[in-house]
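Let me begin by presenting the structure, written as structure tokens, before commenting on it.
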Protein chains: 2
Amino acid sequence: MTITLTSYVQGAWHAGTGEPRMLHNATTEEVLAGFNSDGIDFGGVLAHARDVGGPALRAMNFPERGAMLKALSGAIHEHREELLDLSAANAGTTRKDGKFDIDGATGTLASYAYFAKECGPRNFLSDGDGIQLGRTARFWGQHIHVPRHGAAVHINAFNFPAWNMLEKAACALLAGVPVIEKPGSATALVAWRIAQIVVESGLLPEGAWQFIAGSTGDLLDKMGPQDVMAFTGSAWTANKLRSNTNLITNSVGMNIEADSLNAAVLGPDVEPGSETWRLFLRNVLLDMQQKTGQKCTAVRRVLVPQDRLAEVKDELTAMLADIVTGDPTDRATTMGPLASAAQLRDVRAGIERLAGSGSILCGGFDPVHESGYFVAPTLLEANSADEDVFHREEVFGPVATLLPYSGTAADAAAIVARGEGSLVGSLYANDTPWVEEAVLAMAPWHGRLWVGSDRMAEQSLPPGMVLPSMVHGGPGRAGGGEELGGVRGILFYMQRCAVQGFKGQVHGCFGAQEPAKAT
Amino acid sequence: MTITLTSYVQGAWHAGTGEPRMLHNATTEEVLAGFNSDGIDFGGVLAHARDVGGPALRAMNFPERGAMLKALSGAIHEHREELLDLSAANAGTTRKDGKFDIDGATGTLASYAYFAKECGPRNFLSDGDGIQLGRTARFWGQHIHVPRHGAAVHINAFNFPAWNMLEKAACALLAGVPVIEKPGSATALVAWRIAQIVVESGLLPEGAWQFIAGSTGDLLDKMGPQDVMAFTGSAWTANKLRSNTNLITNSVGMNIEADSLNAAVLGPDVEPGSETWRLFLRNVLLDMQQKTGQKCTAVRRVLVPQDRLAEVKDELTAMLADIVTGDPTDRATTMGPLASAAQLRDVRAGIERLAGSGSILCGGFDPVHESGYFVAPTLLEANSADEDVFHREEVFGPVATLLPYSGTAADAAAIVARGEGSLVGSLYANDTPWVEEAVLAMAPWHGRLWVGSDRMAEQSLPPGMVLPSMVHGGPGRAGGGEELGGVRGILFYMQRCAVQGFKGQVHGCFGAQEPAKAT
């Protein structure tokens with residue numbers, strides 16, 4: 001029996017009237033669920049968000065909205081086991097990988113509940129200090145951020161059905177802006193179950209949360225100047241969204257996270273066997289294995305000083321050989337299948353393209369099991385770091401390529417820049433001047449840089465992990481967007497306005513207050 | 001004899017090889033100058049900025065770049081009289097209006113020299129405090145802003161040939177990013193003379209400043225992921241730029257300032273003859289008269305409580321009757337012509353369209369003088385505030401419309417919001433609760449709100465004046481961009497990057513420092 005995923009729109013659940021799109025179990029390829037969004041009045045969905053959800057959210061202040069997020073985090077966490085099971089079936093995640101998504105989602109909601117405390121008990125943020133504008137302090141200026149009076153349309157990626165939807169929702173809802181969530185199709189089952197939990201919890205005011213299982217129809221064509229859109233997915237789709245005439249005409253705010261060929265760079269000072277060396281190998285392995293490499297932050301390019309290449313090859317291929325692919329619900333399995341047949345097809349084709357300019361050290365594009373969307377962890381060595389394909393082709397699976405380089409920070413930065421903009425780069429080095437040079441040279445091309453060293457090895461969280469307190473996004477190929485980063489992440493949903501006038505009024509009404517005391 | 005305006009590209013002045021476009025004296029319609037950009041290698045222009053200008057600017061720290069801007073301000077100021085003459089001829093500005101542009105430009109450069117002191121003696125900015133990311137403080141995060149490694153392409157508006165070019169350049173150059181300036185065609189003579197002064201001053205490193213007199217050819221198609229574009233002009237052109245496939249594909253950062261139907265709202269508590277009343281009338285008059293209404297911040301919609309409408313009409317039409325249009329170099333003249341024949345044609349057509357839904361109280365679309373691009377200051381009264389044309393049609397001349405409203409803050413905000421996003425709104429009221437309600441309701445639709453009251457009337461600068469310390473831009477129809485606002489204005493030219501690692505390295509290299517002491 002297959003489940004019908006419904007949409008939650010204008011205060012009711014809606015089953016699409018058209019031919020359903022089918023979802024499959026990633027391990028067995030059995031049909032799990034179907035969904036379709038035909039028949040939804042998308043203009044009505046937007047109006048419901050703007051006219052019902054927005055005013056209700058804006059009637060709350062930041063701490064009240066923070067408390068709402070905290071409660072929501074708890075409500076979803078209560079269903080953790082059920083969600084992990086759905087994730088294993090629909091997304092092919094091991095228990096560990098499922099937790100990375102589900103706990104990441106509830107953790108991010110809880111983090112934004114915490115950040116709410118920095119915002120004060122108002123419905124707008126003061127931005128910076130007041131400024132004297134006239135000859136005396138009588139004529140005064142103060143910047144503020146206010147919630148937009150529109151809807152936030154979120155078009156989410158398939159690889160993190162829980163986290164990607166809820167990290168976006170956390171920011172919008174804390175800002176005071178209602179959300180319309182469209183999950184990535186391949187894993188919509190997990191997202192839909194969360195949407196049910198959200199609605200059934202009754203924690204959000206009506207209109208603050210709507211959910212579209214299926215195509216967004218003419219939604220984009222009906223968005224207005226106070227609406228915003230955030231998207232995570234392929235550069236191809238991002239370009240299509242960005243070209244939408246209505247979004248362009250209305251200057252609809254767009255926050256885009258797209259392709260990224262993240263690099264790891266081993267510094268020349270790192271001795272084999274040292275703590276930083278082991279951290280480097282462990283993190284590259286983790287990025288290939290975790291979520292079967294389906295992480296937008298996963299390392300695709302591994303830059304290794306030429307004279308360390310042989311040792312890195314030996315150690316990394318040995319570690320990869322220990323990975324056990326199979327049914328993710330089996331405890332012995334350490335890497336599940338890819339999330340969909342389309343993913344499998346793309347990854348196999350991608351490996352083949354990479355192999356045209358390098359050699360496969362382990363893995364490859366051959367089938368792994370008789371059924372299911374499995375691919376082997378695949379490490380390649382580039383013929384040269386100069387080969388274009390490694391800087392262009394994001395193979396979204398357990399696939400990475402070793403690229404030899406000279407060991408200088410400048411050379412590393414120049415090679416990494418050929419990716420034309422990435423979400424995260426990781427560096428491994430203890431030599432501070434080398435690190436400083438590399439970070440400053442690579443930072444224009446990255447939303448985040450992660451530096452591994454002996455002193456933090458034991459305490460660090462890996463570079464592929466997105467933290468709510470640090471921004472996530474990247475320039476160029478990565479889409480030019482920015483999410484999270486604590487309170488920074490809610491500003492996309494707000495309008496900055498400079499207020500000028502008599503100091504008594506302007507500072508009195510809109511000036512910064514001390515952060516709210518805990519009560 | 002006409003002047004040939006040349007482009008400054010790749011270190012040399014270039015005269016276009018094609019048929020020149022002609023510039024006219026706005027008062028006499030005589031030909032003043034011609035220009036054309038055919039033959040320029042735009043890919044080479046971008047490469048020159050990226051490869052020569054960028055590294056040279058990044059070799060300087062913020063205070064050094066600030067000192068450069070300060071010197072540049074002085075060098076341009078030395079040519080003030082000459083520039084005022086060119087502005088009068090080419091743009092039709094009175095001496096007062098010319099100063100508003102030229103002194104605004106040099107003043108903004110000087111302001112950014114001052115803001116540089118807040119940035120510290122480095123080449124990047126620390127953004128906020130460091131953040132503990134692990135169980136202990138060893139694993140640490142710090143956000144930074146670094147200059148982009150690209151070029152800033154500035155497509156500027158005709159109405160402020162000096163200010164609009166140099167306020168953008170000030171922000172980019174202080175950030176450490178080289179500029180490519182394309183002036184608005186109608187008034188390119190003033191911009192070109194400034195470009196000459198900039199180049200001849202030798203104050204900027206080679207490659208930091210290039211100037212295109214004429215079309216940008218295939219420049220946009222050659223921009224890359226580290227380049228950015230800022231545009232001021234019509235929504236129509238903005239939409240064309242935003243639709244450019246190459247800019248979309250490369251996630252090129254775009255900052256757009258487009259159409260804006262700015263509103264002034266008279267509060268119900270303001271008594272005729274009071275200080276705030278007189279301030280209101282004075283500022284509406286100023287916005288209509290100054291620059292012959294060719295200011296993106298000028299008031300187009302004047303909301304007046306129904307029971308004050310008759311008095312406002314009487315006083316304002318009497319004040320407008322005193323305006324003397326004519327040759328701007330004549331001392332008796334208080335309002336010059338529009339800047340071009342195209343402007344005159346558009347403004348006359350626009351008045352006609354507005355008059356279809358209201359009545360002309362003074363002025364109109366009839367010719368004023370036998371030659372020159374003159375139009376009379378024109379005040380209309382709308383049949384109703386509900387008429388769509390007044391919220392949609394930006395008539396870019398000395399034209400405003402009175403719209404009656406109930407006097408409540410909510411009604412005012414709802415009417416103003418029909419403009420779908422504006423650069424600046426002005427409110428006149430002494431009643432603080434009314435002001436607070438109106439500001440919070442109008443702020444989502446504005447980049448700036450200005451509140452006039454008795455207590456600041458004597459000390460205030462008018463709402464149409466853009467100040468370097470406050471952001472300038474607006475959502476929706478106004479383009480969704482943001483410029484200036486002190487240090488905020490340079491962030492568009494930088495990439496924010498979250499740096500994570502061992503606290504000793506991350507905080508030591510990238511943590512916030514105390515602002516530099518004056519030496």
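Ordered as shown in the structure tokens, chains take letters A, B, and onward, while each chain numbers its residues from 1 and ligands are numbered from 1 in the order shown.
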Inset, instruction - Apply DSSP to the structure's backbone, then extract all residues of stretch 207-334 of chain B labelled strand (DSSP E) and return them as a ChimeraX atom specification. - result: /B:209-211,228-232,253-257,262-266,299-305
Proximity of chain B to chain A: per-residue shortest pair, 6 Å limit, only C-alpha atoms, as JSON lines:
{"residue": "B:Gly134", "atom": "CA", "partner": "A:Gln459", "partner_atom": "CA", "distance": 5.9}
{"residue": "B:Arg138", "atom": "CA", "partner": "A:Met456", "partner_atom": "CA", "distance": 5.8}
{"residue": "B:Phe139", "atom": "CA", "partner": "A:Ser460", "partner_atom": "CA", "distance": 5.7}
{"residue": "B:Arg148", "atom": "CA", "partner": "A:Pro444", "partner_atom": "CA", "distance": 5.3}
{"residue": "B:Pro225", "atom": "CA", "partner": "A:Gly476", "partner_atom": "CA", "distance": 4.4}
{"residue": "B:Ser243", "atom": "CA", "partner": "A:Ser243", "partner_atom": "CA", "distance": 5.9}
{"residue": "B:Asn250", "atom": "CA", "partner": "A:Gly476", "partner_atom": "CA", "distance": 5.2}
{"residue": "B:Ser251", "atom": "CA", "partner": "A:Gly476", "partner_atom": "CA", "distance": 4.9}
{"residue": "B:Ala443", "atom": "CA", "partner": "A:Cys497", "partner_atom": "CA", "distance": 5.9}
{"residue": "B:Pro444", "atom": "CA", "partner": "A:Arg148", "partner_atom": "CA", "distance": 5.3}
{"residue": "B:Gly447", "atom": "CA", "partner": "A:Cys497", "partner_atom": "CA", "distance": 4.5}
{"residue": "B:Arg448", "atom": "CA", "partner": "A:Ala498", "partner_atom": "CA", "distance": 4.4}
{"residue": "B:Leu449", "atom": "CA", "partner": "A:Val499", "partner_atom": "CA", "distance": 4.9}
{"residue": "B:Trp450", "atom": "CA", "partner": "A:Gln500", "partner_atom": "CA", "distance": 4.7}
{"residue": "B:Val451", "atom": "CA", "partner": "A:Gly501", "partner_atom": "CA", "distance": 4.7}
{"residue": "B:Met456", "atom": "CA", "partner": "A:Phe502", "partner_atom": "CA", "distance": 5.2}
{"residue": "B:Gln459", "atom": "CA", "partner": "A:Gly134", "partner_atom": "CA", "distance": 5.9}
{"residue": "B:Ser460", "atom": "CA", "partner": "A:Phe139", "partner_atom": "CA", "distance": 5.7}
{"residue": "B:Gly476", "atom": "CA", "partner": "A:Pro225", "partner_atom": "CA", "distance": 4.4}
{"residue": "B:Gly479", "atom": "CA", "partner": "A:Ser251", "partner_atom": "CA", "distance": 5.7}
{"residue": "B:Gly480", "atom": "CA", "partner": "A:Ser251", "partner_atom": "CA", "distance": 5.6}
{"residue": "B:Gln495", "atom": "CA", "partner": "A:Pro444", "partner_atom": "CA", "distance": 5.4}
{"residue": "B:Cys497", "atom": "CA", "partner": "A:Gly447", "partner_atom": "CA", "distance": 4.5}
{"residue": "B:Ala498", "atom": "CA", "partner": "A:Arg448", "partner_atom": "CA", "distance": 4.4}
{"residue": "B:Val499", "atom": "CA", "partner": "A:Leu449", "partner_atom": "CA", "distance": 4.9}
{"residue": "B:Gln500", "atom": "CA", "partner": "A:Trp450", "partner_atom": "CA", "distance": 4.7}
{"residue": "B:Gly501", "atom": "CA", "partner": "A:Val451", "partner_atom": "CA", "distance": 4.7}
{"residue": "B:Phe502", "atom": "CA", "partner": "A:Met456", "partner_atom": "CA", "distance": 5.2}
Legend entry - Exercise: A:Leu286 partners within 9 Å, only C-alpha atoms, chain neighbours under 6 positions left out, as a list of chain:residue names: A:Gly293, A:Ala298, A:Pro462, A:Gly464
From the DSSP assignment of the backbone, select every residue of stretch 75-166 of chain B that is alpha helix (DSSP H), and format the answer as an mmCIF file with N, CA and C atoms, in the first residue's frame.
data_model
loop_
_atom_site.group_PDB
_atom_site.id
_atom_site.type_symbol
_atom_site.label_atom_id
_atom_site.label_comp_id
_atom_site.auth_asym_id
_atom_site.auth_seq_id
_atom_site.Cartn_x
_atom_site.Cartn_y
_atom_site.Cartn_z
ATOM 1 N N ALA B 75 41.055 66.632 -5.046
ATOM 2 C CA ALA B 75 41.450 66.865 -6.450
ATOM 3 C C ALA B 75 40.235 67.253 -7.294
ATOM 4 N N ILE B 76 39.102 66.615 -7.034
ATOM 5 C CA ILE B 76 37.894 66.946 -7.808
ATOM 6 C C ILE B 76 37.352 68.311 -7.373
ATOM 7 N N HIS B 77 37.405 68.554 -6.077
ATOM 8 C CA HIS B 77 36.899 69.826 -5.554
ATOM 9 C C HIS B 77 37.642 71.016 -6.163
ATOM 10 N N ARG B 80 35.881 72.473 -9.071
ATOM 11 C CA ARG B 80 34.464 72.673 -8.807
ATOM 12 C C ARG B 80 33.799 73.655 -9.765
ATOM 13 N N GLU B 81 34.414 74.802 -9.980
ATOM 14 C CA GLU B 81 33.766 75.817 -10.822
ATOM 15 C C GLU B 81 33.596 75.324 -12.256
ATOM 16 N N GLU B 82 34.625 74.688 -12.745
ATOM 17 C CA GLU B 82 34.566 74.149 -14.105
ATOM 18 C C GLU B 82 33.459 73.099 -14.217
ATOM 19 N N LEU B 83 33.368 72.253 -13.211
ATOM 20 C CA LEU B 83 32.347 71.193 -13.226
ATOM 21 C C LEU B 83 30.940 71.788 -13.120
ATOM 22 N N LEU B 84 30.800 72.848 -12.321
ATOM 23 C CA LEU B 84 29.485 73.499 -12.214
ATOM 24 C C LEU B 84 29.065 74.085 -13.566
ATOM 25 N N ASP B 85 30.017 74.623 -14.286
ATOM 26 C CA ASP B 85 29.699 75.168 -15.623
ATOM 27 C C ASP B 85 29.279 74.056 -16.586
ATOM 28 N N LEU B 86 30.024 72.966 -16.564
ATOM 29 C CA LEU B 86 29.669 71.844 -17.445
ATOM 30 C C LEU B 86 28.295 71.292 -17.088
ATOM 31 N N SER B 87 28.018 71.224 -15.799
ATOM 32 C CA SER B 87 26.731 70.700 -15.333
ATOM 33 C C SER B 87 25.587 71.599 -15.782
ATOM 34 N N ALA B 88 25.800 72.917 -15.673
ATOM 35 C CA ALA B 88 24.769 73.859 -16.127
ATOM 36 C C ALA B 88 24.483 73.662 -17.612
ATOM 37 N N ALA B 89 25.537 73.512 -18.389
ATOM 38 C CA ALA B 89 25.356 73.365 -19.834
ATOM 39 C C ALA B 89 24.728 72.017 -20.186
ATOM 40 N N ASN B 90 25.334 70.942 -19.698
ATOM 41 C CA ASN B 90 24.923 69.607 -20.145
ATOM 42 C C ASN B 90 23.664 69.117 -19.417
ATOM 43 N N ALA B 91 23.567 69.396 -18.115
ATOM 44 C CA ALA B 91 22.443 68.861 -17.340
ATOM 45 C C ALA B 91 21.372 69.912 -17.076
ATOM 46 N N ARG B 95 23.080 76.802 -10.354
ATOM 47 C CA ARG B 95 24.303 76.665 -9.561
ATOM 48 C C ARG B 95 24.046 75.838 -8.301
ATOM 49 N N LYS B 96 22.915 76.076 -7.670
ATOM 50 C CA LYS B 96 22.539 75.331 -6.468
ATOM 51 C C LYS B 96 22.407 73.832 -6.763
ATOM 52 N N ASP B 97 21.730 73.531 -7.866
ATOM 53 C CA ASP B 97 21.530 72.125 -8.223
ATOM 54 C C ASP B 97 22.839 71.450 -8.625
ATOM 55 N N GLY B 98 23.686 72.204 -9.309
ATOM 56 C CA GLY B 98 24.995 71.662 -9.678
ATOM 57 C C GLY B 98 25.813 71.335 -8.436
ATOM 58 N N LYS B 99 25.758 72.240 -7.453
ATOM 59 C CA LYS B 99 26.496 72.003 -6.203
ATOM 60 C C LYS B 99 25.974 70.761 -5.488
ATOM 61 N N PHE B 100 24.650 70.582 -5.546
ATOM 62 C CA PHE B 100 24.049 69.413 -4.895
ATOM 63 C C PHE B 100 24.702 68.136 -5.429
ATOM 64 N N ASP B 101 24.972 68.118 -6.723
ATOM 65 C CA ASP B 101 25.606 66.950 -7.348
ATOM 66 C C ASP B 101 27.113 66.906 -7.087
ATOM 67 N N ILE B 102 27.803 68.000 -7.420
ATOM 68 C CA ILE B 102 29.279 68.003 -7.346
ATOM 69 C C ILE B 102 29.758 67.951 -5.897
ATOM 70 N N ASP B 103 29.198 68.796 -5.051
ATOM 71 C CA ASP B 103 29.613 68.785 -3.644
ATOM 72 C C ASP B 103 29.151 67.506 -2.950
ATOM 73 N N GLY B 104 28.012 66.970 -3.393
ATOM 74 C CA GLY B 104 27.563 65.681 -2.859
ATOM 75 C C GLY B 104 28.581 64.590 -3.167
ATOM 76 N N ALA B 105 29.137 64.657 -4.366
ATOM 77 C CA ALA B 105 30.131 63.657 -4.780
ATOM 78 C C ALA B 105 31.407 63.758 -3.946
ATOM 79 N N THR B 106 31.950 64.965 -3.850
ATOM 80 C CA THR B 106 33.213 65.111 -3.104
ATOM 81 C C THR B 106 32.965 64.874 -1.608
ATOM 82 N N GLY B 107 31.784 65.282 -1.143
ATOM 83 C CA GLY B 107 31.446 65.054 0.263
ATOM 84 C C GLY B 107 31.346 63.568 0.589
ATOM 85 N N THR B 108 30.787 62.799 -0.328
ATOM 86 C CA THR B 108 30.654 61.354 -0.086
ATOM 87 C C THR B 108 32.024 60.683 -0.093
ATOM 88 N N LEU B 109 32.897 61.092 -1.014
ATOM 89 C CA LEU B 109 34.268 60.567 -1.003
ATOM 90 C C LEU B 109 34.942 60.865 0.338
ATOM 91 N N ALA B 110 34.767 62.090 0.814
ATOM 92 C CA ALA B 110 35.388 62.469 2.090
ATOM 93 C C ALA B 110 34.780 61.672 3.238
ATOM 94 N N SER B 111 33.469 61.421 3.179
ATOM 95 C CA SER B 111 32.826 60.633 4.235
ATOM 96 C C SER B 111 33.394 59.226 4.274
ATOM 97 N N TYR B 112 33.594 58.636 3.102
ATOM 98 C CA TYR B 112 34.143 57.276 3.086
ATOM 99 C C TYR B 112 35.606 57.247 3.530
ATOM 100 N N ALA B 113 36.305 58.333 3.318
ATOM 101 C CA ALA B 113 37.647 58.439 3.889
ATOM 102 C C ALA B 113 37.556 58.390 5.416
ATOM 103 N N TYR B 114 36.527 59.022 5.941
ATOM 104 C CA TYR B 114 36.309 59.042 7.385
ATOM 105 C C TYR B 114 35.888 57.658 7.890
ATOM 106 N N PHE B 115 34.951 57.016 7.177
ATOM 107 C CA PHE B 115 34.501 55.680 7.606
ATOM 108 C C PHE B 115 35.651 54.663 7.601
ATOM 109 N N TRP B 163 27.697 62.686 -8.412
ATOM 110 C CA TRP B 163 27.437 61.995 -7.146
ATOM 111 C C TRP B 163 27.220 60.498 -7.336
ATOM 112 N N ASN B 164 26.358 60.133 -8.303
ATOM 113 C CA ASN B 164 26.001 58.724 -8.464
ATOM 114 C C ASN B 164 27.219 57.877 -8.816
ATOM 115 N N MET B 165 28.122 58.447 -9.617
ATOM 116 C CA MET B 165 29.340 57.717 -9.993
ATOM 117 C C MET B 165 30.291 57.601 -8.810
ATOM 118 N N LEU B 166 30.428 58.692 -8.068
ATOM 119 C CA LEU B 166 31.455 58.688 -7.028
ATOM 120 C C LEU B 166 30.982 58.082 -5.712
#
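Between A:Ser73 and the candidates A:Glu29, A:Asp322, A:Glu167, A:Glu311, the tightest atom-to-atom separation, counting only C-alpha atoms, involves A:Glu167.
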Inset, instruction - Write out as a VMD selection string each polymer residue whose atoms come within 6 Å of stretch 200-217 of chain A, counting only C-alpha atoms; drop sequence neighbours fewer than 2 positions from it. - result: chain A and resid 6 to 9 36 to 37 48 to 49 52 to 53 178 to 182 196 to 198 219
Inset, instruction - Provide the atom CA of A:Lys313 to atom CA of A:Gln289 distance in Å, to one decimal place. - result: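 That distance, rounded to one decimal, is 16.5 Å.
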At a cut-off of 9 Å, using only C-alpha atoms, what residues contact B:Asp366? Leave out same-chain residues fewer than 2 positions from it and give the result as a JSON list (two decimals) with N, CA and C atoms, in the first residue's frame.
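Below you can see part15.json, which holds the result:
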[["chain", "number", "residue", "atom", "x", "y", "z"],
["B", 348, "ARG", "N", 6.32, 65.06, -20.17],
["B", 348, "ARG", "CA", 5.06, 65.60, -20.70],
["B", 348, "ARG", "C", 4.03, 64.50, -20.88],
["B", 363, "GLY", "N", 0.79, 74.35, -13.42],
["B", 363, "GLY", "CA", 1.72, 73.74, -14.37],
["B", 363, "GLY", "C", 0.98, 73.02, -15.47],
["B", 364, "GLY", "N", 1.52, 71.88, -15.89],
["B", 364, "GLY", "CA", 0.91, 71.12, -16.98],
["B", 364, "GLY", "C", 1.94, 70.70, -17.99],
["B", 368, "VAL", "N", 7.08, 75.50, -22.27],
["B", 368, "VAL", "CA", 7.31, 76.64, -21.39],
["B", 368, "VAL", "C", 8.13, 77.72, -22.10],
["B", 375, "VAL", "N", 9.87, 72.34, -18.54],
["B", 375, "VAL", "CA", 8.51, 71.96, -18.19],
["B", 375, "VAL", "C", 8.16, 72.77, -16.93],
["B", 376, "ALA", "N", 6.90, 73.09, -16.77],
["B", 376, "ALA", "CA", 6.48, 73.89, -15.62],
["B", 376, "ALA", "C", 6.33, 73.00, -14.38]]
Inset, instruction - Tell me, in Å to one decimal, how far atom CA of B:Phe280 is from atom CA of B:Arg301. - result: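 Calculated distance between atom CA of B:Phe280 and atom CA of B:Arg301 is 12.9 Å.
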Legend entry - Shell around stretch 332-342 of chain B at 10 Å using only C-alpha atoms, local window under 3 positions removed, as a ChimeraX atom specification: /B:23-29,87-97,158-159,185-187,288-294,322-329,345-347,368-369,371-377,396-398
